[in-house]
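Engineer: To start, I am sharing the structure in question, which I have written as structure tokens.
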Amino acid sequence: MTSMLILNGPNLNLLGQRQPEVYGHTTLAEIEQMCRTKADALSVIVSCLQSNHEGALVDAIHAARGVYDGIVLNAGAYTHTSVALMDAISSAQVPVVELHLSNIHAREAFRHKSFIAPVAVGQICGFGPAGYGLAMDALLAHLVQVGAV
């Protein structure tokens, strides 16, 4: 059965409390439940993980190899700073869809640069919590297209 890792980076544990005018009122627990419901509808297995620590995210990407068919990654601020995450994605050879709740291209200039985008299958941003379902759909479509599932 197809499996996906939903991987969330720094400060996403504060969703629903942190800058709700930017990120909304939905909590990470609610988003994870949305992902589980979506996974059931898609007949895929999903696991969710969040960490505020860059190394833990790198470790999770490495550990995904041979375990998950793909990753939906909301790397938060590490999107704009982490060569380590970019290298981990390249090394693990697990397809990644980059995801952001807000439209990073309509925000501060420093958020326009993504170190994840060059090694990701694609990027979804600006659709709030609904972006997670869109990312899961896109990842599954990619896996089917390349014959990985």
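By order in the structure tokens, chains are A, B, ...; within a chain, residues start at 1; ligands start at 1, following the order shown.
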Would you give me, as a list in words, the residues in segment 19-48 of chain A that DSSP reads as strand (DSSP E)?
Structural biologist: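 Output for segment 19-48 of chain A, strand (DSSP E) only: Ile45, Val46, Ser47 and Cys48 of chain A.
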Engineer: Store the residues picked out above, limited to all heavy atoms, as an mmCIF file, in the first residue's frame.
Structural biologist:
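That gives us selection_18.cif:
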data_model
loop_
_atom_site.group_PDB
_atom_site.id
_atom_site.type_symbol
_atom_site.label_atom_id
_atom_site.label_comp_id
_atom_site.auth_asym_id
_atom_site.auth_seq_id
_atom_site.Cartn_x
_atom_site.Cartn_y
_atom_site.Cartn_z
ATOM 1 N N ILE A 45 -1.393 4.953 3.335
ATOM 2 C CA ILE A 45 -0.989 5.008 4.737
ATOM 3 C C ILE A 45 -0.274 6.336 4.946
ATOM 4 O O ILE A 45 0.555 6.731 4.126
ATOM 5 C CB ILE A 45 -0.048 3.840 5.084
ATOM 6 C CG1 ILE A 45 -0.773 2.508 4.907
ATOM 7 C CG2 ILE A 45 0.513 3.991 6.486
ATOM 8 C CD1 ILE A 45 0.153 1.309 4.959
ATOM 9 N N VAL A 46 -0.582 7.009 6.035
ATOM 10 C CA VAL A 46 0.072 8.284 6.308
ATOM 11 C C VAL A 46 0.594 8.288 7.743
ATOM 12 O O VAL A 46 -0.024 7.742 8.648
ATOM 13 C CB VAL A 46 -0.886 9.475 6.062
ATOM 14 C CG1 VAL A 46 -1.990 9.555 7.101
ATOM 15 C CG2 VAL A 46 -0.145 10.778 6.004
ATOM 16 N N SER A 47 1.773 8.871 7.911
ATOM 17 C CA SER A 47 2.350 9.131 9.233
ATOM 18 C C SER A 47 2.655 10.611 9.302
ATOM 19 O O SER A 47 3.043 11.221 8.304
ATOM 20 C CB SER A 47 3.636 8.341 9.437
ATOM 21 O OG SER A 47 3.396 6.964 9.396
ATOM 22 N N CYS A 48 2.497 11.177 10.479
ATOM 23 C CA CYS A 48 2.740 12.604 10.678
ATOM 24 C C CYS A 48 3.839 12.807 11.710
ATOM 25 O O CYS A 48 3.884 12.107 12.721
ATOM 26 C CB CYS A 48 1.467 13.304 11.154
ATOM 27 S SG CYS A 48 0.078 13.162 10.016
#
Engineer: Could you go through segment 16-107 of chain A and tell me which residues DSSP, when run on the backbone, assigns to alpha helix (DSSP H), listing them as a VMD selection string?
Structural biologist: chain A and resid 20 to 23 28 to 42 54 to 64 83 to 92
Engineer: Could you check the closest approach to Ala120 of chain A for each of A:Ala106, A:Val96, A:Leu57, A:Ala75 and tell me which residue wins, using only C-alpha atoms?
Structural biologist: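 Comparing A:Ala106, A:Val96, A:Leu57, A:Ala75 against Ala120 of chain A, the winner is A:Val96.
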Engineer: Find, counting only C-alpha atoms, the residue in A:Ile116, A:Asn103, A:Met136, A:Ala64 that gets nearest to Ala41 of chain A.
Structural biologist: A:Met136
Engineer: Here is a test: counting only C-alpha atoms, which residue of A:Gly147, A:Gly133, A:Pro20, A:Gly55 is nearest to Asp40 of chain A?
Structural biologist: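 Smallest distance to Asp40 of chain A is found for A:Gly133.
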Engineer: Select, from A:Ala117, A:Ala56, A:Val72, A:Met86, the residue with the minimum atom-to-atom distance to Leu134 of chain A, counting only C-alpha atoms.
Structural biologist: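 Selected residue with least distance to Leu134 of chain A: A:Val72.
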Engineer: Do a neighbour search on segment 91-95 of chain A at 6 Å with only C-alpha atoms, toss out local chain neighbours closer than 5 positions, and write the hits as an mmCIF file with N, CA, C and O atoms, in the first residue's frame.
Structural biologist:
data_model
loop_
_atom_site.group_PDB
_atom_site.id
_atom_site.type_symbol
_atom_site.label_atom_id
_atom_site.label_comp_id
_atom_site.auth_asym_id
_atom_site.auth_seq_id
_atom_site.Cartn_x
_atom_site.Cartn_y
_atom_site.Cartn_z
ATOM 1 N N HIS A 62 15.972 11.030 5.918
ATOM 2 C CA HIS A 62 16.848 9.869 5.681
ATOM 3 C C HIS A 62 16.109 8.567 5.996
ATOM 4 O O HIS A 62 16.197 7.603 5.234
ATOM 5 N N ARG A 65 13.556 6.784 3.473
ATOM 6 C CA ARG A 65 14.014 5.991 2.324
ATOM 7 C C ARG A 65 13.700 4.513 2.543
ATOM 8 O O ARG A 65 14.082 3.911 3.535
ATOM 9 N N GLY A 70 6.652 8.665 -0.463
ATOM 10 C CA GLY A 70 6.834 10.092 -0.667
ATOM 11 C C GLY A 70 6.625 10.876 0.611
ATOM 12 O O GLY A 70 6.134 10.346 1.603
#
Engineer: Name all residues at most 6 Å from Pro10 of chain A (count only C-alpha atoms; drop same-chain ones fewer than 2 positions away) and give them as a list in words.
Structural biologist: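 My list of contacting residues is Leu12, Ser51, Asn52 and Gly76 of chain A.
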Engineer: Restricting it to N, CA, C and O atoms, dump the selection as an mmCIF file, in the first residue's frame.
Structural biologist:
data_model
loop_
_atom_site.group_PDB
_atom_site.id
_atom_site.type_symbol
_atom_site.label_atom_id
_atom_site.label_comp_id
_atom_site.auth_asym_id
_atom_site.auth_seq_id
_atom_site.Cartn_x
_atom_site.Cartn_y
_atom_site.Cartn_z
ATOM 1 N N LEU A 12 5.419 24.975 13.671
ATOM 2 C CA LEU A 12 4.112 24.505 13.227
ATOM 3 C C LEU A 12 3.336 23.822 14.343
ATOM 4 O O LEU A 12 2.114 23.679 14.250
ATOM 5 N N SER A 51 8.853 18.580 14.000
ATOM 6 C CA SER A 51 10.003 18.879 14.847
ATOM 7 C C SER A 51 10.432 20.322 14.630
ATOM 8 O O SER A 51 10.347 20.845 13.518
ATOM 9 N N ASN A 52 10.905 20.924 15.696
ATOM 10 C CA ASN A 52 11.482 22.264 15.634
ATOM 11 C C ASN A 52 12.976 22.204 15.361
ATOM 12 O O ASN A 52 13.619 23.246 15.257
ATOM 13 N N GLY A 76 8.625 25.010 7.035
ATOM 14 C CA GLY A 76 8.564 26.291 7.733
ATOM 15 C C GLY A 76 9.732 27.169 7.330
ATOM 16 O O GLY A 76 10.142 27.198 6.165
#
Engineer: State, in Å with one decimal place, the distance from atom CA of Val149 of chain A to atom CA of Glu54 of chain A.
Structural biologist: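 Atom CA of Glu54 of chain A lies at a distance of 29.4 Å from atom CA of Val149 of chain A.
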Engineer: Restricting the calculation to only C-alpha atoms, which member of A:Ile104, A:Met4, A:Ala109, A:Leu28 is positioned closest to Ile71 of chain A?
Structural biologist: A:Met4
Engineer: I'd like the interatomic distance between atom CA of Ser102 of chain A and atom CA of Ile31 of chain A, to a tenth of an Å.
Structural biologist: 14.5 Å
Engineer: Between A:Leu5, A:Leu15, A:Val58, A:Ile89, which one has atoms that come closest to Arg36 of chain A, using only C-alpha atoms?
Structural biologist: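 Result for the nearest residue to Arg36 of chain A: A:Leu5.
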Engineer: What lies within 9 Å of His80 of chain A using only C-alpha atoms, ignoring chain neighbours under 6 positions off, as a PyMOL selection string?
Structural biologist: chain A and resi 110-116
Engineer: So what do you get for atom CA of Leu14 of chain A versus atom CA of Val44 of chain A, distance-wise?
Structural biologist: 26.9 Å
